[in-house]
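As structure tokens, the structure follows; a few thoughts come after it.
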Amino acid sequence: EPEVTQTPSHQVTQMGQEVILRCVPISNHLYFYWYRQILGQKVEFLVSFYNNEISEKSEIFDDQFSVERPDGSNFTLKIRSTKLEDSAMYFCASSDQKGNYGYTFGSGTRLTVV
Amino acid sequence: DQQVKQNSPSLSVQEGRISILNCDYTNSMFDYFLWYKKYPAEGPTFLISISSIKDKNEDGRFTVFLNKSAKHLSLHIVPSQPGDSAVYFCAASYSNSGYALNFGKGTSLLVTP
């Protein structure tokens, strides 16, 4: 079964450093998403991406965050200057069509900011 | 703001019995609802969904019921199996919101033999 692949599975970074979280969506999917889950809290929407541009973003997704699809397969989330409160599990997801909310999630990257 | 609420953090059920997981929402604009299942060290996996034009959707052992007037939905698993032990997330969206899902905090289901 096709999978969404995320790397690394765990990233530790110092406060103020830049991090890039990587995702390989399912190959024929066109819609890409990032969500995060802070420990003990709900899964929160960050951003959606379609046709090489952001479709929607939440209030969490401020100027410190950016997304990119640098080639035909990767989808990245960059945090420019990490803060302690950015520590969370970050999930990438993809779907094949607009309105298909039953999209496929990756296993996540656990980001720890120290 | 918590627009999707799962008030039971955990639930324990015996194998073979029915598991009922509940979810409440506050935003009357929501018109699409989903349940995701999550195992440790994995991402959420889509389980079942329901549109607001329906009040019930069934897929094998899983049935989702929607009560729009009460802004409540529930997931029934019959019969429950030990492999169903996982965290279950309720999620909701509305057509004009674009692509975002609003998740609840999840309910941890334990099915005991």
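So you can find residues: chains in the structure tokens are A, B, ... in the order shown, residues in each start at 1, and ligands are numbered from 1 in order.
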**Request:** With a distance cut-off of 12 Å and only C-alpha atoms, select the neighbouring residues of A:His29, excluding the residue or stretch itself and same-chain residues fewer than 5 positions from it, and output the selection as number ranges by chain.
**Result:** A: 2-4, 24, 49-51, 72-75, 93-98, 100, 103-104
**Request:** Report as a PyMOL selection string: the residues of chain A with a DSSP assignment of strand (DSSP E or B), based on the backbone of this structure.
**Result:** chain A and resi 5-7+10-13+19-24+31-37+43-50+53-57+65-68+75-79+88-95+104-105+109-113
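Picture a line from atom CA of B:Phe89 to atom CA of B:Val64; it runs 12.7 Å.
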**chain B contacts on chain A, only C-alpha atoms, 10 Å, as a ChimeraX atom specification** = /A:4,9,31-35,37,40-49,55-58,89-93,98-110
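When the distance limit is 7 Å and only C-alpha atoms are what count, the residues near B:Val78, minus those fewer than 2 positions from it on the same chain, are Arg17, Ile18, Ser19, Arg61, Phe62, His76 and Ser80 of chain B.
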